[in-house]
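Peer 1: Got a structure for you, written out below as structure tokens; questions coming shortly.
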Amino acid sequence: MLFNSFIFMFFLAFLLPSYYLLKTRRSRNILLLVASYVFYGYWDWRFCSLLLISSIVDFLVGRSMYKSEYKSRRKLLLMVSLTANLGILGFFKYFNFFIDSFEAMIGIFNDNLDFLHINLILPVGISFYTFQTLSYTIDIYRGKITPTDNFFDFALFVSFFPQLVAGPIERAAHLLPQISTVRKTTREQFLDGSILIVYGLFKKVMIGDTAGRYVDHIFAHMDLYSSWEVVFALFMFSIQIYADFSGYSHIARGTAKLFGFEIMKNFEQPYLSTNITEFWRRWHISLSSWLKDYLYISLGGNRRGMNRTYLNLMITMILGGLWHGANWTFVIWGTLHGIYLAVHKFMIKGKKIVSDNKPLRSLGDILSFLPSNIITYLLVVITWLFFRVKGIDDISMFISKCSDWTWGNYPLRFMTILLGFTLITMVFDILEYITHSHVYFKRIKSRSFMFGLISTMFLSVVLFLINSKPLPFIYFQF
Amino acid sequence: MRDMRKVLFSTSLYLIGGIIGILLLESYYQVVEIELPYHELNERVGKKMIPSRRINYFKEGFYLGASNEYGYLGNPYPPVRNNDKIRIALLGDSYVEGLHVFEDHHFSKILEKMLNEDKLIPEYEILNFGMGNYHYNDMVILYKNFVEEFNPDILILIVSVRDFMFRDDLFVPSPVLMMDNDSLVIDYSFTSGRTYQLYKRLSFFFENSCMIKALNNAYKMTKRAEFMQILFDKFYRSGQNENELQNPTHERIDLDIRVFKSIDWFRDRKVFFVFKEGGSPELMHELDDSGVITFSIESVLISEFIDKGIHHEYWDVTNTGGHWNHAAQKVVGEYLYRLIKQYEE
């Protein structure tokens with residue numbers, strides 16, 4: 001079920017009153033659990049079995065691990081969890097990729113491995129809930145949390161529908177206690193939630209999808225477009241992916257709030273970063289912090305000297321790239337980010353990192369902020385090429401197209417469109433940056449005036465949804 | 001009383017917020033080109049392109065371009081001719097309008113390029129008067145009240161069998177061809193209808209506001225079967241999805257007397273009726289006998305695409321069926337080129 005569809009609005013309109021009518025924690029949790037499985041099964045009911053398997057395995061492993069006094073047994077149980085979860089993920093997501101890569105490697109012997117290919121459908125959001133449920137068993141293993149005794153609570157933690165298919169990847173320490181306690185949605189939570197949903201829908205539909213239409217058409221037939229138009233499409237993709245994913249995260253957070261839950265922020269104006277390290281603290285925060293806590297630190301982090309730190313960064317980012325999709329283009333994307341981070345680490349060696357969200361009070365502040373911000377943004381845009389293309393051939397097509405240096409018939413119009421999209425994205429980000437809030441609309445003194453603004457945003461989303469097919473969220477494929 | 005005032009004050013603020021929101025959104029739509037309006041409801045021809053308008057259209061394909069200063073697509077050739085070039089006017093529906101590929105990839109441009117290839121001074125001018133949702137009735141009226149001014153030498157009407165079925169339930173108010181005793185006349189009674197009158201009063205908004213266009217499109221969409229699909233998704237199954245690839249109609253229809261009478265209006269030009277689909281031999285013979293030259297492009301498209309297992313109306317980007325795709329545009333352009341060259345000889 002897509003957030004940007006009328007069917008989701010009906011789903012929510014039915015679910016919310018039913019939820020509020022129920023008074024006990026247990027009945028509410030069971031309703032949310034059933035709703036989450038309906039939400040997920042709407043794509044394909046067969047995928048629910050994978051969700052259930054992950055939930056059962058990690059619930060049992062978590063309890064046994066906590067009870068066990070022997071480290072070796074605890075380690076073995078952790079391996080069971082890792083094998084089961086990563087096994088399912090690996091099979092559905094990476095099986096054909098590894099067969100393809102192996103086939104390419106032994107291609108010189110003319111061996112054909114076609115018979116090994118399986119027509120697999122990638123279950124939506126598998127990478128997200130796999131990482132979420134893994135964090136539970138790893139945290140129990142590390143002694144950071146205690147397991148829950150209630151299977152339904154745990155199953156809801158794994159499948160909680162607002163953040164099930166594209167995050168934020170929640171930690172058990174944060175979400176499970178909320179599931180285990182009696183919740184009451186406050187008026188502020190309801191208001192914040194509603195604003196976040198409309199704001200997220202606007203970002204997704206009116207910025208992400210409208211920008212995405214250019215991107216999809218131009219990237220699908222780069223040979224038909226001019227150099228400037230393909231470069232335009234790349235910049236538009238940087239806007240599309242941000243509006244699409246941050247829009248999704250707002251809707252997820254907003255929906256969770258309606259049910260009395262607080263889930264973590266996933267974005268903090270990443271394109272206002274002044275260096276790549278800061279970018280990764282602001283972009284897909286739940287994934288970057290997961291990778292840091294469970295991979296980078298497990299590899300030794302920065303405790304084993306600078307060379308090892310660089311290597312750990314590279315490994316983390318390459319695996320992070322591969323997490324996004326089974327394609328060499330994602331490996332290149334991750335590698336580039338790894339190089340950027342390593343270079344930045346080298347550059348700031350010994351220096352103190354200036355804290356994020358620096359106040360920009362004077363012209364001098366802005367002038368010193370702009371060059372580093374623009375450079376960081378351009379470096380990120382370069383990496384988006386590898387994220388967007390379907391294969392290595394597309395990269396060479398893009399480069400050869402750029403080298404033509406042709407403008408097309410309407411260069412100024414494309415420029416204006418890009419500026420329009422950039423401007424609205426920047427205005428939203430600057431408002432968030434200044435107010436330190438995603439619900440900055442609440443700063444407007446008159447609530448009636450604010451509702452007037454929000455209503456028109458919602459109206460424009462509804463009109464657009466009627467007039468064009470809803471596009472799925474980009475991160476659903478991961 | 002105080003409560004009443006408070007409610008009024010809040011409502012006013014809500015409305016002010018809404019109006020400011022709409023103004024901001026309108027500016028955003030205009031800059032990033034969402035739902036740009038480019039049609040007007042002309043009292044002489046019905047739906048018509050507004051001159052010199054930006055057009056940005058997405059459906060199965062993508063078009064970014066503009067109407068020219070005379071209100072059609074392509075190079076701006078003025079009505080008054082001051083050269084010896086051969087002028088070709090294209091008439092038809094959305095296939096001819098072609099708002100799913102860039103102008104350079106449209107068959108009219110491919111045709112113009114091929115005709116003028118290797119010539120120091122171009123010898124041919126192509127004027128594209130295609131318009132989405134046009135039927136034969138609309139093409140004839142557009143010709144009579146607009147295209148004729150441009151004095152084309154050759155008229156190419158790209159049609160399908162369905163275009164010859166005269167409709168009573170016009171979705172967009174338009175003039176219609178009527179028989180008055182034995183002569184063909186144009187009935188403009190739509191101008192006194194409620195829809196046209198409303199349009200006239202609000203024409204500034206209809207012709208300039210993206211938000212109004214979005215609202216109008218949404219309203220039109222609510223009257224189509226697709227709307228239920230959008231609303232209820234998997235819970236609704238309609239008989240036919242508009243975007244599915246459809247098989248052409250080869251049914252035999254009896255041509256209305258208005259068709260034969262209207263052909264008289266084209267008399268002093270060379271006229272080609274090119275059937276993009278369907279077109280039974282009997283129907284084509286009947287038209288041939290009345291003085292026009294008919295062709296069907298369907299067999300060419302079948303041999304070039306369908307026989308090779310691909311569909312000329314399939315769009316991989318959006319994974320939908322629709323109008324002629326990029327490859328088909330080339331084939332159609334080349335086909336029309338051969339047709340013109342053949343008749344020149």
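Quick note on naming: the chains in the structure tokens go A, B, ... in the order shown, residues restart at 1 in each chain, and ligands are numbered from 1 in order of appearance.
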With a distance cut-off of 8 Å and only C-alpha atoms, select the neighbouring residues of range 210-215 of chain A, excluding the residue or stretch itself and same-chain residues fewer than 6 positions from it, and output the selection as a PDB file with N, CA, C and O atoms, in the first residue's frame.
Peer 2:
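Okay, result_33.pdb is ready:
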ATOM      1  N   ALA A 233      18.749  16.358 -15.739  1.00  0.00           N
ATOM      2  CA  ALA A 233      18.075  15.198 -15.140  1.00  0.00           C
ATOM      3  C   ALA A 233      18.824  14.709 -13.898  1.00  0.00           C
ATOM      4  O   ALA A 233      18.200  14.278 -12.921  1.00  0.00           O
ATOM      5  N   LEU A 234      20.158  14.795 -13.927  1.00  0.00           N
ATOM      6  CA  LEU A 234      20.935  14.344 -12.766  1.00  0.00           C
ATOM      7  C   LEU A 234      20.677  15.251 -11.561  1.00  0.00           C
ATOM      8  O   LEU A 234      20.458  14.773 -10.443  1.00  0.00           O
ATOM      9  N   MET A 236      18.060  17.056 -11.148  1.00  0.00           N
ATOM     10  CA  MET A 236      16.665  16.836 -10.753  1.00  0.00           C
ATOM     11  C   MET A 236      16.551  15.565  -9.904  1.00  0.00           C
ATOM     12  O   MET A 236      15.724  15.489  -9.002  1.00  0.00           O
ATOM     13  N   PHE A 237      17.387  14.579 -10.209  1.00  0.00           N
ATOM     14  CA  PHE A 237      17.338  13.345  -9.419  1.00  0.00           C
ATOM     15  C   PHE A 237      17.756  13.610  -7.975  1.00  0.00           C
ATOM     16  O   PHE A 237      17.199  13.029  -7.039  1.00  0.00           O
ATOM     17  N   ILE A 239      17.152  16.162  -6.351  1.00  0.00           N
ATOM     18  CA  ILE A 239      15.972  16.738  -5.684  1.00  0.00           C
ATOM     19  C   ILE A 239      14.903  15.667  -5.493  1.00  0.00           C
ATOM     20  O   ILE A 239      14.299  15.544  -4.432  1.00  0.00           O
ATOM     21  N   GLN A 240      14.718  14.869  -6.544  1.00  0.00           N
ATOM     22  CA  GLN A 240      13.675  13.839  -6.470  1.00  0.00           C
ATOM     23  C   GLN A 240      13.923  12.877  -5.307  1.00  0.00           C
ATOM     24  O   GLN A 240      13.028  12.640  -4.497  1.00  0.00           O
ATOM     25  N   PHE A 421      12.524  24.022  -8.637  1.00  0.00           N
ATOM     26  CA  PHE A 421      12.571  22.867  -7.738  1.00  0.00           C
ATOM     27  C   PHE A 421      13.612  23.070  -6.634  1.00  0.00           C
ATOM     28  O   PHE A 421      13.382  22.730  -5.471  1.00  0.00           O
TER      29      PHE A 421
ATOM     30  N   ILE B  34       3.920  22.774 -13.976  1.00  0.00           N
ATOM     31  CA  ILE B  34       2.968  21.692 -13.693  1.00  0.00           C
ATOM     32  C   ILE B  34       1.604  22.161 -14.191  1.00  0.00           C
ATOM     33  O   ILE B  34       1.152  23.242 -13.828  1.00  0.00           O
ATOM     34  N   PHE B  58       3.125  15.460 -19.625  1.00  0.00           N
ATOM     35  CA  PHE B  58       3.589  14.103 -19.296  1.00  0.00           C
ATOM     36  C   PHE B  58       2.409  13.156 -19.348  1.00  0.00           C
ATOM     37  O   PHE B  58       1.350  13.448 -18.792  1.00  0.00           O
ATOM     38  N   PHE B  62       6.777  12.264 -22.852  1.00  0.00           N
ATOM     39  CA  PHE B  62       7.113  13.559 -22.279  1.00  0.00           C
ATOM     40  C   PHE B  62       7.326  14.557 -23.405  1.00  0.00           C
ATOM     41  O   PHE B  62       8.010  14.270 -24.379  1.00  0.00           O
TER      42      PHE B  62
END
Peer 1: Using only C-alpha atoms, find each residue of chain B with at least one atom at most 6 Å away from an atom of chain A; report its shortest atom-to-atom pair and that distance in Å (one decimal), sort the rows by chain and rising residue number, and return the result as JSON lines.
Peer 2:
{"residue": "B:Ser10", "atom": "CA", "partner": "A:Ser448", "partner_atom": "CA", "distance": 5.5}
{"residue": "B:Leu13", "atom": "CA", "partner": "A:Phe449", "partner_atom": "CA", "distance": 4.9}
{"residue": "B:Tyr14", "atom": "CA", "partner": "A:Gly452", "partner_atom": "CA", "distance": 4.4}
{"residue": "B:Gly17", "atom": "CA", "partner": "A:Gly452", "partner_atom": "CA", "distance": 4.3}
{"residue": "B:Gly18", "atom": "CA", "partner": "A:Gly452", "partner_atom": "CA", "distance": 4.1}
{"residue": "B:Gly21", "atom": "CA", "partner": "A:Leu453", "partner_atom": "CA", "distance": 4.9}
{"residue": "B:Val31", "atom": "CA", "partner": "A:Gly420", "partner_atom": "CA", "distance": 5.8}
{"residue": "B:Val32", "atom": "CA", "partner": "A:Ile417", "partner_atom": "CA", "distance": 4.4}
{"residue": "B:Ala218", "atom": "CA", "partner": "A:Asn467", "partner_atom": "CA", "distance": 5.6}
{"residue": "B:Leu231", "atom": "CA", "partner": "A:Phe6", "partner_atom": "CA", "distance": 5.4}
{"residue": "B:Phe232", "atom": "CA", "partner": "A:Ile7", "partner_atom": "CA", "distance": 5.9}
Peer 1: Skipping near chain neighbours, those fewer than 3 positions away, what residues fall within 9 Å of Ile121 in chain A using only C-alpha atoms, listed as a list in words?
Peer 2: Phe92, Lys93 and Val124 of chain A
Peer 1: Which residues, written as a list of chain:residue names, have at least one atom at most 12 Å from His285 in chain B, with only C-alpha atoms counted and residues fewer than 3 positions away on the same chain left out?
Peer 2: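 Close residues of His285 in chain B: B:Leu255, B:Phe273, B:Gly279, B:Ser280, B:Pro281, B:Glu282, B:Asp288, B:Asp289, B:Ser290, B:Gly291, B:Val292, B:Ile293, B:Thr294, B:Phe295, B:Ser296.
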Peer 1: Assign secondary structure with DSSP using the backbone only, and return the residues of range 83-218 of chain A in alpha helix (DSSP H) as a ChimeraX atom specification.
Peer 2: /A:83-89,95-105,126-141,151-159,172-180,187-201,210-218
Peer 1: Write the residues of the preceding selection, restricted to C-alpha atoms, as a PDB file, in the first residue's frame.
Peer 2:
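The result, written out as result34.pdb:
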ATOM      1  CA  THR A  83      22.250 -16.493   9.181  1.00  0.00           C
ATOM      2  CA  ALA A  84      18.449 -16.622   9.094  1.00  0.00           C
ATOM      3  CA  ASN A  85      17.951 -12.911   8.454  1.00  0.00           C
ATOM      4  CA  LEU A  86      20.870 -12.291   6.147  1.00  0.00           C
ATOM      5  CA  GLY A  87      20.180 -15.640   4.460  1.00  0.00           C
ATOM      6  CA  ILE A  88      16.664 -14.568   3.495  1.00  0.00           C
ATOM      7  CA  LEU A  89      17.892 -11.122   2.470  1.00  0.00           C
ATOM      8  CA  PHE A  95      21.316 -14.462  -5.394  1.00  0.00           C
ATOM      9  CA  ASN A  96      21.020 -13.512  -9.066  1.00  0.00           C
ATOM     10  CA  PHE A  97      23.569 -10.713  -8.638  1.00  0.00           C
ATOM     11  CA  PHE A  98      26.208 -13.113  -7.360  1.00  0.00           C
ATOM     12  CA  ILE A  99      25.387 -15.643 -10.075  1.00  0.00           C
ATOM     13  CA  ASP A 100      25.724 -12.882 -12.700  1.00  0.00           C
ATOM     14  CA  SER A 101      29.010 -11.671 -11.257  1.00  0.00           C
ATOM     15  CA  PHE A 102      30.361 -15.210 -11.002  1.00  0.00           C
ATOM     16  CA  GLU A 103      29.236 -15.884 -14.556  1.00  0.00           C
ATOM     17  CA  ALA A 104      31.062 -12.761 -15.758  1.00  0.00           C
ATOM     18  CA  MET A 105      34.191 -13.894 -13.905  1.00  0.00           C
ATOM     19  CA  ILE A 126      13.176  -6.470   3.143  1.00  0.00           C
ATOM     20  CA  SER A 127      16.460  -4.634   3.762  1.00  0.00           C
ATOM     21  CA  PHE A 128      14.783  -2.288   6.218  1.00  0.00           C
ATOM     22  CA  TYR A 129      13.036  -4.763   8.466  1.00  0.00           C
ATOM     23  CA  THR A 130      15.987  -7.169   8.317  1.00  0.00           C
ATOM     24  CA  PHE A 131      18.281  -4.470   9.736  1.00  0.00           C
ATOM     25  CA  GLN A 132      15.682  -3.487  12.308  1.00  0.00           C
ATOM     26  CA  THR A 133      15.196  -7.005  13.625  1.00  0.00           C
ATOM     27  CA  LEU A 134      18.961  -7.659  13.541  1.00  0.00           C
ATOM     28  CA  SER A 135      19.586  -4.663  15.770  1.00  0.00           C
ATOM     29  CA  TYR A 136      17.361  -6.348  18.360  1.00  0.00           C
ATOM     30  CA  THR A 137      19.386  -9.569  18.607  1.00  0.00           C
ATOM     31  CA  ILE A 138      22.745  -7.763  18.378  1.00  0.00           C
ATOM     32  CA  ASP A 139      21.743  -5.377  21.166  1.00  0.00           C
ATOM     33  CA  ILE A 140      20.682  -8.319  23.369  1.00  0.00           C
ATOM     34  CA  TYR A 141      23.994 -10.023  22.596  1.00  0.00           C
ATOM     35  CA  PHE A 151       5.598 -12.157  20.996  1.00  0.00           C
ATOM     36  CA  PHE A 152       2.863  -9.833  19.717  1.00  0.00           C
ATOM     37  CA  ASP A 153       4.790  -6.805  20.938  1.00  0.00           C
ATOM     38  CA  PHE A 154       7.907  -8.048  19.201  1.00  0.00           C
ATOM     39  CA  ALA A 155       6.038  -8.894  15.981  1.00  0.00           C
ATOM     40  CA  LEU A 156       4.641  -5.355  16.017  1.00  0.00           C
ATOM     41  CA  PHE A 157       8.144  -3.956  16.513  1.00  0.00           C
ATOM     42  CA  VAL A 158       9.292  -5.790  13.375  1.00  0.00           C
ATOM     43  CA  SER A 159       6.232  -4.992  11.264  1.00  0.00           C
ATOM     44  CA  ALA A 172      14.416  -1.929  19.858  1.00  0.00           C
ATOM     45  CA  ALA A 173      15.585   0.239  22.753  1.00  0.00           C
ATOM     46  CA  HIS A 174      13.552   3.121  21.361  1.00  0.00           C
ATOM     47  CA  LEU A 175      10.456   1.515  19.840  1.00  0.00           C
ATOM     48  CA  LEU A 176       9.809  -1.563  21.990  1.00  0.00           C
ATOM     49  CA  PRO A 177       9.248   0.373  25.249  1.00  0.00           C
ATOM     50  CA  GLN A 178       6.654   2.487  23.425  1.00  0.00           C
ATOM     51  CA  ILE A 179       4.900  -0.669  22.243  1.00  0.00           C
ATOM     52  CA  SER A 180       4.994  -2.136  25.756  1.00  0.00           C
ATOM     53  CA  ARG A 187      -3.553  16.789  20.872  1.00  0.00           C
ATOM     54  CA  GLU A 188      -0.088  18.104  19.989  1.00  0.00           C
ATOM     55  CA  GLN A 189       0.937  14.704  18.670  1.00  0.00           C
ATOM     56  CA  PHE A 190      -2.200  14.536  16.545  1.00  0.00           C
ATOM     57  CA  LEU A 191      -1.597  18.013  15.157  1.00  0.00           C
ATOM     58  CA  ASP A 192       2.114  17.362  14.524  1.00  0.00           C
ATOM     59  CA  GLY A 193       1.272  14.036  12.919  1.00  0.00           C
ATOM     60  CA  SER A 194      -1.317  15.548  10.584  1.00  0.00           C
ATOM     61  CA  ILE A 195       1.025  18.381   9.571  1.00  0.00           C
ATOM     62  CA  LEU A 196       3.870  15.933   8.955  1.00  0.00           C
ATOM     63  CA  ILE A 197       1.651  13.735   6.773  1.00  0.00           C
ATOM     64  CA  VAL A 198       0.510  16.656   4.593  1.00  0.00           C
ATOM     65  CA  TYR A 199       4.039  18.102   4.469  1.00  0.00           C
ATOM     66  CA  GLY A 200       5.468  14.692   3.549  1.00  0.00           C
ATOM     67  CA  LEU A 201       2.818  14.086   0.904  1.00  0.00           C
ATOM     68  CA  THR A 210       6.962  15.956 -10.482  1.00  0.00           C
ATOM     69  CA  ALA A 211      10.768  16.131 -10.596  1.00  0.00           C
ATOM     70  CA  GLY A 212      10.943  12.363 -11.068  1.00  0.00           C
ATOM     71  CA  ARG A 213       8.933  12.465 -14.279  1.00  0.00           C
ATOM     72  CA  TYR A 214      11.750  14.382 -15.994  1.00  0.00           C
ATOM     73  CA  VAL A 215      14.360  12.089 -14.509  1.00  0.00           C
ATOM     74  CA  ASP A 216      12.627   8.875 -15.588  1.00  0.00           C
ATOM     75  CA  HIS A 217      12.040   9.975 -19.161  1.00  0.00           C
ATOM     76  CA  ILE A 218      15.478  11.442 -19.731  1.00  0.00           C
TER      77      ILE A 218
END
Peer 1: Find the distance between CA of Met426 in chain A and CA of Tyr242 in chain A and write it in Å to one decimal.
Peer 2: 11.3 Å
Peer 1: Would you pick out the contacts of range 180-190 of chain B at 8 Å or less, using only C-alpha atoms, so that residues sharing its chain but fewer than 4 positions from it are not included, and give the list as number ranges by chain?
Peer 2: B: 43-44, 141, 173-176, 196, 258, 261-262
Peer 1: Include all heavy atoms and write out the residues we just selected as a PDB file, in the first residue's frame.
Peer 2:
ATOM      1  N   GLU B  43     -14.742  30.392 -29.975  1.00  0.00           N
ATOM      2  CA  GLU B  43     -16.154  30.357 -30.385  1.00  0.00           C
ATOM      3  C   GLU B  43     -16.330  29.891 -31.826  1.00  0.00           C
ATOM      4  O   GLU B  43     -17.413  29.508 -32.239  1.00  0.00           O
ATOM      5  CB  GLU B  43     -16.815  31.723 -30.178  1.00  0.00           C
ATOM      6  CG  GLU B  43     -16.147  32.841 -30.923  1.00  0.00           C
ATOM      7  CD  GLU B  43     -16.751  34.197 -30.568  1.00  0.00           C
ATOM      8  OE1 GLU B  43     -17.667  34.244 -29.745  1.00  0.00           O
ATOM      9  OE2 GLU B  43     -16.271  35.188 -31.132  1.00  0.00           O
ATOM     10  N   ARG B  44     -15.252  29.903 -32.609  1.00  0.00           N
ATOM     11  CA  ARG B  44     -15.360  29.471 -34.008  1.00  0.00           C
ATOM     12  C   ARG B  44     -14.969  28.000 -34.208  1.00  0.00           C
ATOM     13  O   ARG B  44     -15.490  27.347 -35.092  1.00  0.00           O
ATOM     14  CB  ARG B  44     -14.445  30.339 -34.901  1.00  0.00           C
ATOM     15  CG  ARG B  44     -14.758  31.800 -34.858  1.00  0.00           C
ATOM     16  CD  ARG B  44     -15.944  32.159 -35.723  1.00  0.00           C
ATOM     17  NE  ARG B  44     -15.694  31.928 -37.151  1.00  0.00           N
ATOM     18  CZ  ARG B  44     -16.662  31.784 -38.056  1.00  0.00           C
ATOM     19  NH1 ARG B  44     -17.909  31.788 -37.690  1.00  0.00           N
ATOM     20  NH2 ARG B  44     -16.354  31.614 -39.333  1.00  0.00           N
ATOM     21  N   ILE B 141     -14.067  21.484 -39.100  1.00  0.00           N
ATOM     22  CA  ILE B 141     -14.384  22.844 -38.638  1.00  0.00           C
ATOM     23  C   ILE B 141     -13.103  23.653 -38.429  1.00  0.00           C
ATOM     24  O   ILE B 141     -13.034  24.826 -38.781  1.00  0.00           O
ATOM     25  CB  ILE B 141     -15.261  22.786 -37.363  1.00  0.00           C
ATOM     26  CG1 ILE B 141     -16.626  22.196 -37.726  1.00  0.00           C
ATOM     27  CG2 ILE B 141     -15.424  24.167 -36.742  1.00  0.00           C
ATOM     28  CD1 ILE B 141     -17.493  21.826 -36.554  1.00  0.00           C
ATOM     29  N   PRO B 173     -17.512  21.553 -25.103  1.00  0.00           N
ATOM     30  CA  PRO B 173     -18.452  22.230 -25.987  1.00  0.00           C
ATOM     31  C   PRO B 173     -17.751  22.669 -27.280  1.00  0.00           C
ATOM     32  O   PRO B 173     -16.695  23.298 -27.220  1.00  0.00           O
ATOM     33  CB  PRO B 173     -18.892  23.457 -25.185  1.00  0.00           C
ATOM     34  CG  PRO B 173     -18.504  23.179 -23.789  1.00  0.00           C
ATOM     35  CD  PRO B 173     -17.356  22.252 -23.826  1.00  0.00           C
ATOM     36  N   SER B 174     -18.323  22.310 -28.409  1.00  0.00           N
ATOM     37  CA  SER B 174     -17.689  22.617 -29.702  1.00  0.00           C
ATOM     38  C   SER B 174     -18.763  22.861 -30.748  1.00  0.00           C
ATOM     39  O   SER B 174     -19.892  22.399 -30.613  1.00  0.00           O
ATOM     40  CB  SER B 174     -16.854  21.432 -30.197  1.00  0.00           C
ATOM     41  OG  SER B 174     -16.236  20.772 -29.161  1.00  0.00           O
ATOM     42  N   PRO B 175     -18.369  23.525 -31.839  1.00  0.00           N
ATOM     43  CA  PRO B 175     -19.311  23.632 -32.953  1.00  0.00           C
ATOM     44  C   PRO B 175     -19.479  22.271 -33.624  1.00  0.00           C
ATOM     45  O   PRO B 175     -18.583  21.426 -33.532  1.00  0.00           O
ATOM     46  CB  PRO B 175     -18.627  24.624 -33.890  1.00  0.00           C
ATOM     47  CG  PRO B 175     -17.209  24.655 -33.493  1.00  0.00           C
ATOM     48  CD  PRO B 175     -17.106  24.206 -32.085  1.00  0.00           C
ATOM     49  N   VAL B 176     -20.602  22.071 -34.290  1.00  0.00           N
ATOM     50  CA  VAL B 176     -20.819  20.777 -34.959  1.00  0.00           C
ATOM     51  C   VAL B 176     -21.288  20.987 -36.397  1.00  0.00           C
ATOM     52  O   VAL B 176     -21.933  21.984 -36.713  1.00  0.00           O
ATOM     53  CB  VAL B 176     -21.854  19.889 -34.219  1.00  0.00           C
ATOM     54  CG1 VAL B 176     -21.272  19.259 -32.989  1.00  0.00           C
ATOM     55  CG2 VAL B 176     -23.111  20.659 -33.873  1.00  0.00           C
ATOM     56  N   TYR B 196     -20.097  26.953 -21.854  1.00  0.00           N
ATOM     57  CA  TYR B 196     -19.334  27.968 -22.587  1.00  0.00           C
ATOM     58  C   TYR B 196     -19.466  29.343 -21.931  1.00  0.00           C
ATOM     59  O   TYR B 196     -18.491  30.090 -21.828  1.00  0.00           O
ATOM     60  CB  TYR B 196     -19.801  28.027 -24.051  1.00  0.00           C
ATOM     61  CG  TYR B 196     -18.977  29.004 -24.856  1.00  0.00           C
ATOM     62  CD1 TYR B 196     -17.699  28.670 -25.283  1.00  0.00           C
ATOM     63  CD2 TYR B 196     -19.467  30.269 -25.167  1.00  0.00           C
ATOM     64  CE1 TYR B 196     -16.921  29.577 -25.996  1.00  0.00           C
ATOM     65  CE2 TYR B 196     -18.697  31.177 -25.883  1.00  0.00           C
ATOM     66  CZ  TYR B 196     -17.423  30.822 -26.295  1.00  0.00           C
ATOM     67  OH  TYR B 196     -16.654  31.711 -26.981  1.00  0.00           O
ATOM     68  N   ARG B 258     -22.630  13.931 -43.939  1.00  0.00           N
ATOM     69  CA  ARG B 258     -21.808  15.105 -43.616  1.00  0.00           C
ATOM     70  C   ARG B 258     -20.345  14.894 -44.023  1.00  0.00           C
ATOM     71  O   ARG B 258     -19.639  15.844 -44.349  1.00  0.00           O
ATOM     72  CB  ARG B 258     -21.899  15.415 -42.121  1.00  0.00           C
ATOM     73  CG  ARG B 258     -23.238  16.021 -41.728  1.00  0.00           C
ATOM     74  CD  ARG B 258     -23.376  16.173 -40.240  1.00  0.00           C
ATOM     75  NE  ARG B 258     -23.674  14.912 -39.581  1.00  0.00           N
ATOM     76  CZ  ARG B 258     -23.932  14.788 -38.288  1.00  0.00           C
ATOM     77  NH1 ARG B 258     -23.893  15.854 -37.508  1.00  0.00           N
ATOM     78  NH2 ARG B 258     -24.211  13.626 -37.759  1.00  0.00           N
ATOM     79  N   LYS B 261     -20.212  15.549 -47.786  1.00  0.00           N
ATOM     80  CA  LYS B 261     -20.430  16.971 -48.046  1.00  0.00           C
ATOM     81  C   LYS B 261     -19.186  17.784 -47.644  1.00  0.00           C
ATOM     82  O   LYS B 261     -18.802  18.735 -48.321  1.00  0.00           O
ATOM     83  CB  LYS B 261     -21.636  17.479 -47.248  1.00  0.00           C
ATOM     84  CG  LYS B 261     -22.960  17.026 -47.812  1.00  0.00           C
ATOM     85  CD  LYS B 261     -23.326  17.862 -49.037  1.00  0.00           C
ATOM     86  CE  LYS B 261     -24.646  17.403 -49.629  1.00  0.00           C
ATOM     87  NZ  LYS B 261     -24.938  18.111 -50.893  1.00  0.00           N
ATOM     88  N   SER B 262     -18.588  17.387 -46.536  1.00  0.00           N
ATOM     89  CA  SER B 262     -17.439  18.165 -46.037  1.00  0.00           C
ATOM     90  C   SER B 262     -16.237  18.046 -46.966  1.00  0.00           C
ATOM     91  O   SER B 262     -15.407  18.952 -47.037  1.00  0.00           O
ATOM     92  CB  SER B 262     -17.052  17.710 -44.637  1.00  0.00           C
ATOM     93  OG  SER B 262     -16.573  16.394 -44.673  1.00  0.00           O
TER      94      SER B 262
END
Peer 1: Please list as a VMD selection string every residue within 6 Å of Ser286 in chain A, counting only C-alpha atoms and excluding residues in the same chain fewer than 3 positions away.
Peer 2: chain A and resid 168 to 169 266 289
Peer 1: Compare A:Tyr20, A:Phe160, A:Phe478, A:Trp228 by their minimum atom-to-atom distance to Trp407 in chain A, counting only C-alpha atoms, and give me the closest one.
Peer 2: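 The answer is A:Trp228, which sits nearest to Trp407 in chain A.
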